[in-house]
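The structure appears right after this line, and notes come after that.
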Amino acid sequence: MMLAPAPFLLKEVSVRRVMTQVCIALLPGIAAYTWLIGPAILVQLVIASLTALLAEAVMLKVRGKPLPLFLADGSALVTAWLIALVFPPLAPWWLVALGAVFAIVVAKHLYGGLGQNPFNPAMIAFAVCIVAFPALMSQWPSVGLQLATADQINVILGLAPRVDALSGATPLDALKTALKLGEGEVDVAQLLANQDIFGNFAGRGWEWVAAGYLLGGLWLWRRRIITWHVPVAFAAGLTAISGALWLYNPAHFASPLFHMFSGGAMLGAFFIATDPVSGCTTARGKLIFGAGAGVIAYVIRVFGGYPDGVAFAILLMNLGAPLIDLLCQPPIFGMKDKA
């Protein structure tokens with residue numbers, strides 16, 4: 001059998017190609033999001049994208065970098081899309097724009113630009129905004145809310161008043177508040193069955209959004225844009241701790257299925273924790289990184305002060321990524337491992 005001649009790297013790999021496929025993989029989740037909420041999420045995507053590209057252009061100009069090359073790589077666009085997807089869909093336009101500017105200017109370029117940032121820019125933007133503007137970052141649409149396209153745009157642009165009827169608790173927030181107010185007397189199974197905000201096994205409608213992210217994430221894995229290590233380890237960590245507590249006291253703790261399909265678990269597992277720059281690069285390191293993020297996310301959700309802890313969990317693991325990779329480096333070829 002004849003072997004193919006060199007070179008053997010026949011597949012075109014570039015930042016733009018990778019980022020384009022990440023955006024494509026997000027489309028099923030965005031489609032389900034639009035079906036559930038309405039066109040508001042599309043407006044936020046446009047606002048975040050334009051702001052991020054403008055901030056990217058300004059910083060590239062300041063740093064003396066070629067604009068066409070770096071603006072076209074798609075990294076700013078992916079960051080913008082993640083920001084739009086983790087912020088409330090009816091948040092005021094300036095909040096989403098502020099998050100995009102902070103992510104690009106502070107979390108990316110002040111650390112040296114693409115490939116130099118130690119933290120995921122989109123998660124930095126989310127963490128800063130939820131600490132600085134907790135009320136606005138908690139205004140998620142009420143279940144079953146139907147607003148015309150013009151009304152949603154007016155709310156986002158500040159042309160219509162923001163009323164309490166427009167916002168409601170997320171499934172994670174509703175569960176956490178009910179358990180806190182019930183002082184241990186609330187049965188989780190009955191709560192999930194009797195409230196309209198909950199669906200078959202997670203939040204009503206949000207199950208489909210999470211399923212869209214799952215579908216897109218599996219497509220990224222199939223295309224070898226990401227490896228299986230981080231998503232599987234994240235799911236294993238989240239499932240292990242939630243499953244153990246659920247088996248211990250099912251009346252007080254929700255099932256692993258609820259936690260996997262609620263909040264930002266699927267988005268974080270496949271699209272955020274898999275960031276090759278701020279995450280781990282070794283195979284064992286990815287497993288530790290993903291499992292640690294899943295466990296910390298659950299601890300923050302159930303015992304912390306925020307309904308969803310995925311963003312903070314990933315940022316905390318970003319801190320430890322260099323050390324994890326250092327300890328998980330395989331032995332150099334031709335040399336024995338000291339252990």
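In the structure tokens, the first chain shown is A, the next is B, and so on; residue numbers restart at 1 for each chain, and ligands run from 1 in the order shown.
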
A:Ala57 surroundings by only C-alpha atoms, 8 Å radius, close-in-sequence under 4 positions cut, as number ranges by chain: A: 53, 61, 67, 71

Take the residues from that selection and put them in a file with C-alpha atoms, as an mmCIF file, in the first residue's frame.
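Written output follows (part14.cif):
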data_model
loop_
_atom_site.group_PDB
_atom_site.id
_atom_site.type_symbol
_atom_site.label_atom_id
_atom_site.label_comp_id
_atom_site.auth_asym_id
_atom_site.auth_seq_id
_atom_site.Cartn_x
_atom_site.Cartn_y
_atom_site.Cartn_z
ATOM 1 C CA LEU A 53 -16.273 44.817 16.835
ATOM 2 C CA LYS A 61 -5.710 50.779 16.254
ATOM 3 C CA LEU A 67 -7.420 45.783 11.522
ATOM 4 C CA LEU A 71 -11.267 41.915 12.965
#

Residue neighbourhood A:Pro171, 8 Å, only C-alpha atoms, exclusion window fewer than 6 positions, as JSON, numbers by chain: {"A": [197, 198, 202, 203, 262, 263]}

Restricting it to C-alpha atoms, dump the selection as a JSON list (two decimals), in the first residue's frame.
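The resulting file, selection.json, is reproduced below:
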[["chain", "number", "residue", "atom", "x", "y", "z"],
["A", 197, "ILE", "CA", -42.09, 27.88, 35.49],
["A", 198, "PHE", "CA", -40.88, 24.28, 35.53],
["A", 202, "ALA", "CA", -36.04, 21.61, 34.11],
["A", 203, "GLY", "CA", -37.30, 25.09, 33.26],
["A", 262, "SER", "CA", -31.01, 24.54, 33.77],
["A", 263, "GLY", "CA", -29.15, 27.82, 33.66]]

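Between atom CA of A:Val310 and atom CA of A:Ala72 the separation is 29.1 Å.
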
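Residues in contact range of stretch 206-221 of chain A, defined as at most 7 Å between only C-alpha atoms, with sequence neighbours fewer than 5 positions away removed, read A:Ala25, A:Leu26, A:Pro28, A:Gly29, A:Ala32, A:Tyr33, A:Ile226, A:Thr227, A:Trp228, A:Phe261, A:Ser262, A:Met266, A:Leu267, A:Phe270.
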
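Comparing A:Leu287, A:Leu90, A:Ile272, A:Met137 by their smallest distance to A:Asn154, the closest is A:Leu90 (using only C-alpha atoms).
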
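Within the 8 Å cut-off around stretch 320-325 of chain A, using only C-alpha atoms and omitting residues fewer than 2 positions from it on the same chain, the listed residues are Ser278, Gly279, Cys280, Thr281, Thr282, Gly285, Ile288, Phe289, Leu316, Met317, Asn318, Leu327, Cys328 and Gln329 of chain A.
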
Convert the current residue selection to file output with C-alpha atoms, as a short mmCIF file (atom, residue, chain, number, x, y, z; two decimals), in the first residue's frame.
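See out.cif below for the written result:
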data_model
loop_
_atom_site.label_atom_id
_atom_site.label_comp_id
_atom_site.auth_asym_id
_atom_site.auth_seq_id
_atom_site.Cartn_x
_atom_site.Cartn_y
_atom_site.Cartn_z
CA SER A 278 -8.16 30.36 29.41
CA GLY A 279 -8.65 26.64 30.06
CA CYS A 280 -6.34 23.65 30.26
CA THR A 281 -4.58 22.11 27.29
CA THR A 282 -3.46 18.69 28.54
CA GLY A 285 -5.83 18.87 32.88
CA ILE A 288 -9.71 18.17 36.20
CA PHE A 289 -10.74 21.59 34.87
CA LEU A 316 -12.19 30.17 39.42
CA MET A 317 -10.92 27.24 37.38
CA ASN A 318 -9.26 29.72 34.98
CA LEU A 327 1.13 19.19 37.11
CA CYS A 328 -0.49 17.18 34.30
CA GLN A 329 2.21 17.51 31.66
#

Atom CA of A:Ala31 to atom CA of A:Asn120, straight-line distance in Å: 24.2 Å

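Residue nearest A:Phe253 within the list A:Val277, A:Val232, A:Phe126, A:Val299: A:Val299 [criterion: smallest interatomic distance, only C-alpha atoms].
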
What's around A:Pro92 at 10 Å? Count only C-alpha atoms, leave out sequence neighbours fewer than 6 positions away in its own chain, and write the answer as an mmCIF file with N, CA, C and O atoms, in the first residue's frame.
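Once written, out.cif looks like this:
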data_model
loop_
_atom_site.group_PDB
_atom_site.id
_atom_site.type_symbol
_atom_site.label_atom_id
_atom_site.label_comp_id
_atom_site.auth_asym_id
_atom_site.auth_seq_id
_atom_site.Cartn_x
_atom_site.Cartn_y
_atom_site.Cartn_z
ATOM 1 N N GLN A 44 -30.226 41.751 20.959
ATOM 2 C CA GLN A 44 -29.062 41.786 21.850
ATOM 3 C C GLN A 44 -27.819 41.245 21.153
ATOM 4 O O GLN A 44 -26.702 41.730 21.384
ATOM 5 N N LEU A 136 -30.618 44.624 37.459
ATOM 6 C CA LEU A 136 -30.828 44.522 36.012
ATOM 7 C C LEU A 136 -30.446 43.142 35.487
ATOM 8 O O LEU A 136 -31.086 42.613 34.569
ATOM 9 N N MET A 137 -29.417 42.544 36.074
ATOM 10 C CA MET A 137 -28.969 41.228 35.621
ATOM 11 C C MET A 137 -29.883 40.114 36.115
ATOM 12 O O MET A 137 -29.697 38.948 35.743
ATOM 13 N N ILE A 153 -38.214 45.607 21.499
ATOM 14 C CA ILE A 153 -37.153 46.548 21.102
ATOM 15 C C ILE A 153 -37.223 47.821 21.920
ATOM 16 O O ILE A 153 -36.198 48.364 22.366
ATOM 17 N N ASN A 154 -38.440 48.316 22.178
ATOM 18 C CA ASN A 154 -38.608 49.535 22.968
ATOM 19 C C ASN A 154 -38.116 49.346 24.399
ATOM 20 O O ASN A 154 -37.529 50.250 24.992
ATOM 21 N N VAL A 155 -38.366 48.168 24.969
ATOM 22 C CA VAL A 155 -37.884 47.893 26.325
ATOM 23 C C VAL A 155 -36.356 47.872 26.348
ATOM 24 O O VAL A 155 -35.722 48.444 27.244
ATOM 25 N N ILE A 156 -35.746 47.242 25.360
ATOM 26 C CA ILE A 156 -34.287 47.158 25.314
ATOM 27 C C ILE A 156 -33.663 48.537 25.113
ATOM 28 O O ILE A 156 -32.659 48.883 25.759
ATOM 29 N N LEU A 157 -34.264 49.350 24.248
ATOM 30 C CA LEU A 157 -33.718 50.677 23.949
ATOM 31 C C LEU A 157 -34.120 51.729 24.965
ATOM 32 O O LEU A 157 -33.699 52.890 24.857
ATOM 33 N N GLY A 158 -34.934 51.357 25.942
ATOM 34 C CA GLY A 158 -35.347 52.313 26.970
ATOM 35 C C GLY A 158 -36.462 53.225 26.539
ATOM 36 O O GLY A 158 -36.721 54.244 27.198
ATOM 37 N N ARG A 162 -39.780 49.935 32.116
ATOM 38 C CA ARG A 162 -39.497 48.585 32.584
ATOM 39 C C ARG A 162 -40.391 48.323 33.798
ATOM 40 O O ARG A 162 -40.235 48.929 34.844
#

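Residues surrounding A:Ala107 within 8 Å are Phe102, Ala103, Ile104, Leu110, Tyr111, Asn117, Phe119, Asn120, Pro121, Ile124 and Ala125 of chain A [only C-alpha atoms; sequence separation below 3 positions excluded].
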
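In this structure, atom CA of A:Leu45 sits 5.8 Å away from atom CA of A:Trp81.
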